[in-house]
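This is structure22.txt (compact mmCIF, N, CA and C atoms and all ligand atoms).
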```
# COMPACT_ATOMS: atom_id res chain seq x y z
N MET L 6 61.54 118.58 111.76
CA MET L 6 61.86 119.99 111.52
C MET L 6 60.57 120.81 111.64
N ASN L 7 60.59 121.83 112.47
CA ASN L 7 59.36 122.61 112.66
C ASN L 7 59.28 123.79 111.69
N ARG L 8 58.15 124.50 111.75
CA ARG L 8 57.88 125.57 110.80
C ARG L 8 58.93 126.68 110.87
N ASN L 9 59.35 127.03 112.09
CA ASN L 9 60.34 128.10 112.24
C ASN L 9 61.67 127.72 111.60
N GLN L 10 62.07 126.46 111.76
CA GLN L 10 63.31 126.02 111.13
C GLN L 10 63.21 126.08 109.62
N HIS L 11 62.02 125.70 109.08
CA HIS L 11 61.81 125.80 107.63
C HIS L 11 61.93 127.24 107.16
N ILE L 12 61.31 128.15 107.93
CA ILE L 12 61.33 129.56 107.54
C ILE L 12 62.77 130.08 107.54
N TRP L 13 63.53 129.75 108.59
CA TRP L 13 64.90 130.23 108.67
C TRP L 13 65.78 129.61 107.58
N LEU L 14 65.55 128.34 107.31
CA LEU L 14 66.30 127.68 106.23
C LEU L 14 65.97 128.33 104.89
N SER L 15 64.69 128.63 104.68
CA SER L 15 64.24 129.27 103.44
C SER L 15 64.86 130.66 103.31
N VAL L 16 64.84 131.42 104.41
CA VAL L 16 65.41 132.77 104.39
C VAL L 16 66.92 132.68 104.09
N PHE L 17 67.59 131.73 104.73
CA PHE L 17 69.03 131.56 104.52
C PHE L 17 69.33 131.25 103.04
N PHE L 18 68.62 130.26 102.48
CA PHE L 18 68.85 129.89 101.09
C PHE L 18 68.48 131.03 100.15
N SER L 19 67.38 131.73 100.46
CA SER L 19 66.95 132.84 99.61
C SER L 19 67.99 133.95 99.59
N LEU L 20 68.51 134.28 100.78
CA LEU L 20 69.53 135.34 100.85
C LEU L 20 70.81 134.90 100.14
N ALA L 21 71.19 133.64 100.33
CA ALA L 21 72.39 133.13 99.65
C ALA L 21 72.19 133.18 98.14
N LEU L 22 71.00 132.78 97.70
CA LEU L 22 70.69 132.80 96.27
C LEU L 22 70.63 134.24 95.75
N GLY L 23 70.01 135.13 96.55
CA GLY L 23 69.94 136.54 96.18
C GLY L 23 71.32 137.15 96.01
N LEU L 24 72.21 136.81 96.95
CA LEU L 24 73.59 137.30 96.90
C LEU L 24 74.29 136.77 95.65
N LEU L 25 74.05 135.49 95.35
CA LEU L 25 74.64 134.88 94.16
C LEU L 25 74.13 135.57 92.89
N LEU L 26 72.82 135.81 92.82
CA LEU L 26 72.24 136.49 91.65
C LEU L 26 72.82 137.90 91.50
N TRP L 27 73.03 138.55 92.66
CA TRP L 27 73.61 139.90 92.65
C TRP L 27 75.04 139.87 92.13
N LYS L 28 75.81 138.88 92.61
CA LYS L 28 77.21 138.73 92.18
C LYS L 28 77.30 138.40 90.70
N LEU L 29 76.31 137.65 90.20
CA LEU L 29 76.28 137.28 88.79
C LEU L 29 75.71 138.42 87.93
N LYS L 30 75.49 139.57 88.58
CA LYS L 30 74.94 140.76 87.92
C LYS L 30 73.55 140.47 87.33
N LEU L 31 72.73 139.73 88.11
CA LEU L 31 71.35 139.45 87.73
C LEU L 31 70.40 139.86 88.86
N PRO L 32 70.52 141.14 89.35
CA PRO L 32 69.71 141.54 90.51
C PRO L 32 68.21 141.48 90.25
N ASN L 33 67.79 141.63 88.96
CA ASN L 33 66.35 141.58 88.70
C ASN L 33 65.78 140.18 88.96
N LEU L 34 66.64 139.16 88.89
CA LEU L 34 66.18 137.80 89.19
C LEU L 34 65.83 137.65 90.67
N PHE L 35 66.41 138.52 91.51
CA PHE L 35 66.11 138.46 92.94
C PHE L 35 64.61 138.67 93.18
N ILE L 36 64.00 139.56 92.39
CA ILE L 36 62.56 139.82 92.51
C ILE L 36 61.79 138.52 92.24
N TYR L 37 62.24 137.76 91.25
CA TYR L 37 61.56 136.51 90.91
C TYR L 37 61.71 135.46 92.00
N SER L 38 62.68 135.66 92.90
CA SER L 38 62.89 134.65 93.95
C SER L 38 61.91 134.81 95.11
N LEU L 39 61.12 135.87 95.13
CA LEU L 39 60.22 136.13 96.26
C LEU L 39 59.18 135.03 96.50
N PRO L 40 58.63 134.35 95.48
CA PRO L 40 57.66 133.26 95.75
C PRO L 40 58.26 132.12 96.57
N MET L 41 59.59 132.06 96.64
CA MET L 41 60.26 130.98 97.35
C MET L 41 59.93 131.01 98.85
N TYR L 42 59.70 132.20 99.42
CA TYR L 42 59.45 132.31 100.87
C TYR L 42 58.13 131.60 101.26
N PRO L 43 57.00 131.95 100.63
CA PRO L 43 55.76 131.25 101.04
C PRO L 43 55.74 129.77 100.65
N THR L 44 56.29 129.42 99.48
CA THR L 44 56.21 128.01 99.06
C THR L 44 57.12 127.12 99.89
N ALA L 45 58.13 127.70 100.55
CA ALA L 45 59.02 126.90 101.40
C ALA L 45 58.28 126.37 102.64
N ILE L 46 57.19 127.03 103.04
CA ILE L 46 56.42 126.53 104.20
C ILE L 46 55.07 125.95 103.76
N LEU L 47 54.78 126.01 102.46
CA LEU L 47 53.50 125.51 101.94
C LEU L 47 53.22 124.05 102.30
N PRO L 48 54.19 123.12 102.18
CA PRO L 48 53.87 121.72 102.50
C PRO L 48 53.34 121.52 103.92
N ASP L 49 53.82 122.33 104.87
CA ASP L 49 53.35 122.19 106.25
C ASP L 49 51.99 122.85 106.47
N PHE L 50 51.54 123.68 105.54
CA PHE L 50 50.17 124.19 105.59
C PHE L 50 49.22 123.14 105.04
N ILE L 51 49.66 122.41 104.00
CA ILE L 51 48.83 121.36 103.40
C ILE L 51 48.75 120.16 104.34
N GLU L 52 49.91 119.77 104.88
CA GLU L 52 49.99 118.64 105.81
C GLU L 52 50.65 119.13 107.10
N PRO L 53 49.88 119.72 108.01
CA PRO L 53 50.47 120.30 109.23
C PRO L 53 51.26 119.27 110.04
N ALA L 54 52.38 119.73 110.60
CA ALA L 54 53.27 118.85 111.38
C ALA L 54 52.73 118.67 112.80
N LEU L 55 51.55 118.05 112.91
CA LEU L 55 50.92 117.86 114.22
C LEU L 55 51.43 116.59 114.90
N ASP L 56 51.88 115.61 114.12
CA ASP L 56 52.46 114.39 114.69
C ASP L 56 53.63 113.94 113.80
N PRO L 57 54.48 113.03 114.30
CA PRO L 57 55.66 112.62 113.52
C PRO L 57 55.33 111.96 112.18
N ASN L 58 54.10 111.46 112.02
CA ASN L 58 53.71 110.79 110.76
C ASN L 58 52.83 111.68 109.88
N HIS L 59 53.05 112.99 109.95
CA HIS L 59 52.22 113.92 109.17
C HIS L 59 52.56 113.88 107.69
N ARG L 60 53.70 113.30 107.34
CA ARG L 60 54.16 113.37 105.95
C ARG L 60 53.45 112.35 105.08
N LYS L 61 52.62 112.86 104.17
CA LYS L 61 51.89 112.02 103.22
C LYS L 61 52.32 112.40 101.80
N PHE L 62 51.38 112.42 100.85
CA PHE L 62 51.73 112.65 99.44
C PHE L 62 52.50 113.95 99.21
N PHE L 63 52.07 115.04 99.85
CA PHE L 63 52.69 116.34 99.57
C PHE L 63 54.09 116.48 100.20
N HIS L 64 54.50 115.47 100.98
CA HIS L 64 55.86 115.42 101.51
C HIS L 64 56.61 114.21 100.96
N SER L 65 56.12 113.61 99.89
CA SER L 65 56.65 112.31 99.46
C SER L 65 57.75 112.42 98.41
N LYS L 66 58.44 111.27 98.18
CA LYS L 66 59.47 111.20 97.15
C LYS L 66 58.86 111.36 95.76
N ARG L 67 57.59 110.87 95.60
CA ARG L 67 56.89 111.03 94.31
C ARG L 67 56.70 112.52 94.00
N MET L 68 56.28 113.25 95.01
CA MET L 68 56.08 114.70 94.84
C MET L 68 57.41 115.37 94.51
N PHE L 69 58.48 114.93 95.18
CA PHE L 69 59.81 115.48 94.96
C PHE L 69 60.24 115.28 93.50
N LYS L 70 60.06 114.05 92.99
CA LYS L 70 60.45 113.76 91.60
C LYS L 70 59.63 114.60 90.62
N PHE L 71 58.31 114.70 90.88
CA PHE L 71 57.44 115.49 90.02
C PHE L 71 57.91 116.95 89.97
N LEU L 72 58.27 117.50 91.15
CA LEU L 72 58.68 118.90 91.21
C LEU L 72 60.04 119.13 90.56
N VAL L 73 60.94 118.13 90.62
CA VAL L 73 62.24 118.26 89.95
C VAL L 73 62.02 118.37 88.44
N ILE L 74 61.09 117.55 87.91
CA ILE L 74 60.77 117.61 86.47
C ILE L 74 60.19 118.99 86.14
N CYS L 75 59.27 119.48 86.98
CA CYS L 75 58.70 120.82 86.77
C CYS L 75 59.79 121.88 86.79
N LEU L 76 60.73 121.74 87.71
CA LEU L 76 61.82 122.72 87.86
C LEU L 76 62.66 122.79 86.59
N VAL L 77 62.98 121.63 86.02
CA VAL L 77 63.79 121.58 84.79
C VAL L 77 63.03 122.22 83.63
N ILE L 78 61.73 121.89 83.51
CA ILE L 78 60.90 122.46 82.44
C ILE L 78 60.84 123.98 82.59
N LEU L 79 60.62 124.45 83.82
CA LEU L 79 60.52 125.90 84.06
C LEU L 79 61.85 126.61 83.78
N LEU L 80 62.96 125.94 84.11
CA LEU L 80 64.27 126.53 83.83
C LEU L 80 64.49 126.66 82.33
N LEU L 81 64.07 125.63 81.58
CA LEU L 81 64.19 125.68 80.11
C LEU L 81 63.30 126.79 79.54
N LEU L 82 62.06 126.89 80.06
CA LEU L 82 61.14 127.93 79.59
C LEU L 82 61.70 129.32 79.91
N ALA L 83 62.27 129.47 81.11
CA ALA L 83 62.83 130.77 81.52
C ALA L 83 64.05 131.13 80.67
N SER L 84 64.81 130.11 80.28
CA SER L 84 66.03 130.36 79.51
C SER L 84 65.73 130.69 78.05
N PHE L 85 64.74 129.98 77.49
CA PHE L 85 64.52 130.11 76.05
C PHE L 85 63.27 130.89 75.66
N LYS L 86 62.29 130.99 76.54
CA LYS L 86 61.03 131.64 76.18
C LYS L 86 60.89 133.01 76.84
N SER L 87 60.73 133.03 78.15
CA SER L 87 60.56 134.30 78.85
C SER L 87 61.14 134.22 80.26
N GLN L 88 61.78 135.30 80.66
CA GLN L 88 62.40 135.36 81.99
C GLN L 88 61.35 135.29 83.09
N HIS L 89 60.09 135.61 82.76
CA HIS L 89 59.01 135.61 83.75
C HIS L 89 58.76 134.22 84.33
N TYR L 90 59.19 133.17 83.64
CA TYR L 90 59.03 131.81 84.17
C TYR L 90 59.88 131.58 85.42
N PHE L 91 60.86 132.46 85.64
CA PHE L 91 61.65 132.35 86.87
C PHE L 91 60.78 132.52 88.12
N PHE L 92 59.68 133.27 87.98
CA PHE L 92 58.74 133.45 89.09
C PHE L 92 58.22 132.08 89.55
N TRP L 93 57.79 131.25 88.61
CA TRP L 93 57.30 129.90 88.93
C TRP L 93 58.45 128.97 89.32
N PHE L 94 59.59 129.17 88.65
CA PHE L 94 60.77 128.36 88.96
C PHE L 94 61.13 128.47 90.44
N PHE L 95 61.20 129.71 90.94
CA PHE L 95 61.59 129.90 92.34
C PHE L 95 60.49 129.43 93.30
N GLY L 96 59.23 129.52 92.85
CA GLY L 96 58.13 128.99 93.66
C GLY L 96 58.30 127.50 93.88
N VAL L 97 58.59 126.77 92.81
CA VAL L 97 58.80 125.32 92.90
C VAL L 97 60.07 125.03 93.70
N LEU L 98 61.10 125.87 93.51
CA LEU L 98 62.36 125.67 94.24
C LEU L 98 62.15 125.77 95.75
N GLY L 99 61.31 126.71 96.19
CA GLY L 99 61.03 126.86 97.63
C GLY L 99 60.40 125.59 98.20
N TYR L 100 59.43 125.03 97.46
CA TYR L 100 58.78 123.79 97.89
C TYR L 100 59.83 122.66 97.97
N LEU L 101 60.70 122.60 96.96
CA LEU L 101 61.74 121.56 96.95
C LEU L 101 62.71 121.71 98.11
N LEU L 102 63.04 122.96 98.46
CA LEU L 102 63.94 123.19 99.61
C LEU L 102 63.32 122.64 100.89
N HIS L 103 62.00 122.80 101.00
CA HIS L 103 61.29 122.25 102.16
C HIS L 103 61.45 120.73 102.19
N LEU L 104 61.22 120.09 101.05
CA LEU L 104 61.31 118.63 100.99
C LEU L 104 62.75 118.16 101.22
N ILE L 105 63.73 118.90 100.72
CA ILE L 105 65.13 118.54 100.97
C ILE L 105 65.43 118.62 102.47
N ALA L 106 64.94 119.70 103.10
CA ALA L 106 65.16 119.86 104.55
C ALA L 106 64.50 118.71 105.31
N GLU L 107 63.29 118.32 104.91
CA GLU L 107 62.58 117.21 105.57
C GLU L 107 63.30 115.89 105.34
N SER L 108 63.91 115.72 104.17
CA SER L 108 64.58 114.46 103.86
C SER L 108 65.84 114.26 104.72
N LEU L 109 66.35 115.35 105.28
CA LEU L 109 67.54 115.28 106.12
C LEU L 109 67.22 114.88 107.56
N THR L 110 65.91 114.83 107.88
CA THR L 110 65.51 114.47 109.25
C THR L 110 65.55 112.95 109.42
N PHE L 111 65.42 112.51 110.64
CA PHE L 111 65.47 111.08 110.97
C PHE L 111 64.41 110.28 110.21
N LYS L 112 63.19 110.83 110.11
CA LYS L 112 62.08 110.12 109.44
C LYS L 112 62.22 110.12 107.93
N GLY L 113 62.83 111.15 107.36
CA GLY L 113 62.98 111.25 105.91
C GLY L 113 61.65 111.47 105.22
N LEU L 114 61.60 111.21 103.90
CA LEU L 114 60.38 111.38 103.12
C LEU L 114 59.75 110.02 102.84
N PRO L 115 58.42 109.91 102.91
CA PRO L 115 57.78 108.64 102.54
C PRO L 115 57.80 108.47 101.01
N ASN L 116 57.56 107.23 100.55
CA ASN L 116 57.50 106.98 99.10
C ASN L 116 56.23 107.58 98.54
ZN ZN C 201 57.21 119.78 106.31
```

Write the structure described by the file as structure tokens, please.
Ligand SMILES: [Zn+2]
Amino acid sequence: MNRNQHIWLSVFFSLALGLLLWKLKLPNLFIYSLPMYPTAILPDFIEPALDPNHRKFFHSKRMFKFLVICLVILLLLASFKSQHYFFWFFGVLGYLLHLIAESLTFKGLPN
């Protein structure tokens, strides 16, 4: 999956999520979703897709698991402490969307 496909996938998910937040009458959460756009392409800036084996630690299943734990913690913090944690929540979500998209490719994610 190349950078353009990641960007379009990120835009698609962001718009779908934005629409969902709007329908749920939470339009202010849409502002918090903005970090999702740059973080959705961040893994390919850290590990550029120059060859088919570019996927190392920052594209790995270990990184995925770590980020899922972070996502749950941030969701709990946003729910119970401050809504501002949604800013970080969506940032992590963008990175995870990238890894999910990569996991759907033939090569998948390394361990
Ligand atoms: Zn990638």

Exercise answer, 8 Å around ligand ZN 201 (chain C) with all atoms listed in the file, as a PyMOL selection string: chain L and resi 6-8+11+45-50+52-54+59-60+63-64+103-104+106-107

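Distances here use only C-alpha atoms; by that measure, the residue among L:Trp27, L:Asn116, L:Cys75, L:Phe62 closest to Phe91 (chain L) is L:Cys75.
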
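Atom C of Leu14 (chain L) lies 21.8 Å from atom C of Asn58 (chain L).
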
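Of note, atom N of Pro43 (chain L) and atom C of Gly113 (chain L) are spaced 21.5 Å apart.
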
Report, in Å with one decimal, the straight-line distance from atom N of Pro40 (chain L) to atom N of Phe94 (chain L). 8.6 Å

Residues within 6.5 Å of Val97 (chain L), please, as number ranges by chain. Count all atoms listed in the file; anything in the same chain fewer than 5 positions from it doesn't count. L: 41, 76, 92, 102

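With distances restricted to only C-alpha atoms, L:Thr44 is the closest residue to Val16 (chain L) from L:Leu29, L:Leu34, L:Thr44, L:His89.
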
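Using all atoms listed in the file, the nearest neighbour of Tyr90 (chain L) within the list L:Trp13, L:Tyr37, L:Thr110, L:Leu24 is L:Tyr37.
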
Could you pull out the helix (DSSP H, G or I) residues of region 57-96 of chain L from DSSP and send them as a VMD selection string? chain L and resid 62 to 64 66 to 85 90 to 96

Emit the selected residues as a compact mmCIF listing (two decimals), in the frame of the given file, including N, CA and C atoms.
```
# COMPACT_ATOMS: atom_id res chain seq x y z
N PHE L 62 51.38 112.42 100.85
CA PHE L 62 51.73 112.65 99.44
C PHE L 62 52.50 113.95 99.21
N PHE L 63 52.07 115.04 99.85
CA PHE L 63 52.69 116.34 99.57
C PHE L 63 54.09 116.48 100.20
N HIS L 64 54.50 115.47 100.98
CA HIS L 64 55.86 115.42 101.51
C HIS L 64 56.61 114.21 100.96
N LYS L 66 58.44 111.27 98.18
CA LYS L 66 59.47 111.20 97.15
C LYS L 66 58.86 111.36 95.76
N ARG L 67 57.59 110.87 95.60
CA ARG L 67 56.89 111.03 94.31
C ARG L 67 56.70 112.52 94.00
N MET L 68 56.28 113.25 95.01
CA MET L 68 56.08 114.70 94.84
C MET L 68 57.41 115.37 94.51
N PHE L 69 58.48 114.93 95.18
CA PHE L 69 59.81 115.48 94.96
C PHE L 69 60.24 115.28 93.50
N LYS L 70 60.06 114.05 92.99
CA LYS L 70 60.45 113.76 91.60
C LYS L 70 59.63 114.60 90.62
N PHE L 71 58.31 114.70 90.88
CA PHE L 71 57.44 115.49 90.02
C PHE L 71 57.91 116.95 89.97
N LEU L 72 58.27 117.50 91.15
CA LEU L 72 58.68 118.90 91.21
C LEU L 72 60.04 119.13 90.56
N VAL L 73 60.94 118.13 90.62
CA VAL L 73 62.24 118.26 89.95
C VAL L 73 62.02 118.37 88.44
N ILE L 74 61.09 117.55 87.91
CA ILE L 74 60.77 117.61 86.47
C ILE L 74 60.19 118.99 86.14
N CYS L 75 59.27 119.48 86.98
CA CYS L 75 58.70 120.82 86.77
C CYS L 75 59.79 121.88 86.79
N LEU L 76 60.73 121.74 87.71
CA LEU L 76 61.82 122.72 87.86
C LEU L 76 62.66 122.79 86.59
N VAL L 77 62.98 121.63 86.02
CA VAL L 77 63.79 121.58 84.79
C VAL L 77 63.03 122.22 83.63
N ILE L 78 61.73 121.89 83.51
CA ILE L 78 60.90 122.46 82.44
C ILE L 78 60.84 123.98 82.59
N LEU L 79 60.62 124.45 83.82
CA LEU L 79 60.52 125.90 84.06
C LEU L 79 61.85 126.61 83.78
N LEU L 80 62.96 125.94 84.11
CA LEU L 80 64.27 126.53 83.83
C LEU L 80 64.49 126.66 82.33
N LEU L 81 64.07 125.63 81.58
CA LEU L 81 64.19 125.68 80.11
C LEU L 81 63.30 126.79 79.54
N LEU L 82 62.06 126.89 80.06
CA LEU L 82 61.14 127.93 79.59
C LEU L 82 61.70 129.32 79.91
N ALA L 83 62.27 129.47 81.11
CA ALA L 83 62.83 130.77 81.52
C ALA L 83 64.05 131.13 80.67
N SER L 84 64.81 130.11 80.28
CA SER L 84 66.03 130.36 79.51
C SER L 84 65.73 130.69 78.05
N PHE L 85 64.74 129.98 77.49
CA PHE L 85 64.52 130.11 76.05
C PHE L 85 63.27 130.89 75.66
N TYR L 90 59.19 133.17 83.64
CA TYR L 90 59.03 131.81 84.17
C TYR L 90 59.88 131.58 85.42
N PHE L 91 60.86 132.46 85.64
CA PHE L 91 61.65 132.35 86.87
C PHE L 91 60.78 132.52 88.12
N PHE L 92 59.68 133.27 87.98
CA PHE L 92 58.74 133.45 89.09
C PHE L 92 58.22 132.08 89.55
N TRP L 93 57.79 131.25 88.61
CA TRP L 93 57.30 129.90 88.93
C TRP L 93 58.45 128.97 89.32
N PHE L 94 59.59 129.17 88.65
CA PHE L 94 60.77 128.36 88.96
C PHE L 94 61.13 128.47 90.44
N PHE L 95 61.20 129.71 90.94
CA PHE L 95 61.59 129.90 92.34
C PHE L 95 60.49 129.43 93.30
N GLY L 96 59.23 129.52 92.85
CA GLY L 96 58.13 128.99 93.66
C GLY L 96 58.30 127.50 93.88
```

Six-sided padding of 3 Å per side, axis-aligned box over region 60-72 of chain L, centre and edges in Å, one decimal, as JSON:
```
{"center_x": 55.9, "center_y": 115.0, "center_z": 98.7, "size_x": 15.1, "size_y": 14.3, "size_z": 23.4}
```

Among the residues L:Leu101, L:Leu81, L:Ile51, L:Leu22, the one that comes closest to Met68 (chain L) [using all atoms listed in the file]: L:Leu101

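Each of L:Phe35, L:Tyr42, L:Phe17, L:Phe85 was compared to Tyr100 (chain L) using only C-alpha atoms, and L:Tyr42 turns out to be the nearest.
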
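Counting only C-alpha atoms, the residue from L:Ser38, L:Gln88, L:Ser65, L:Ser108 that sits nearest to Ser19 (chain L) is L:Ser38.
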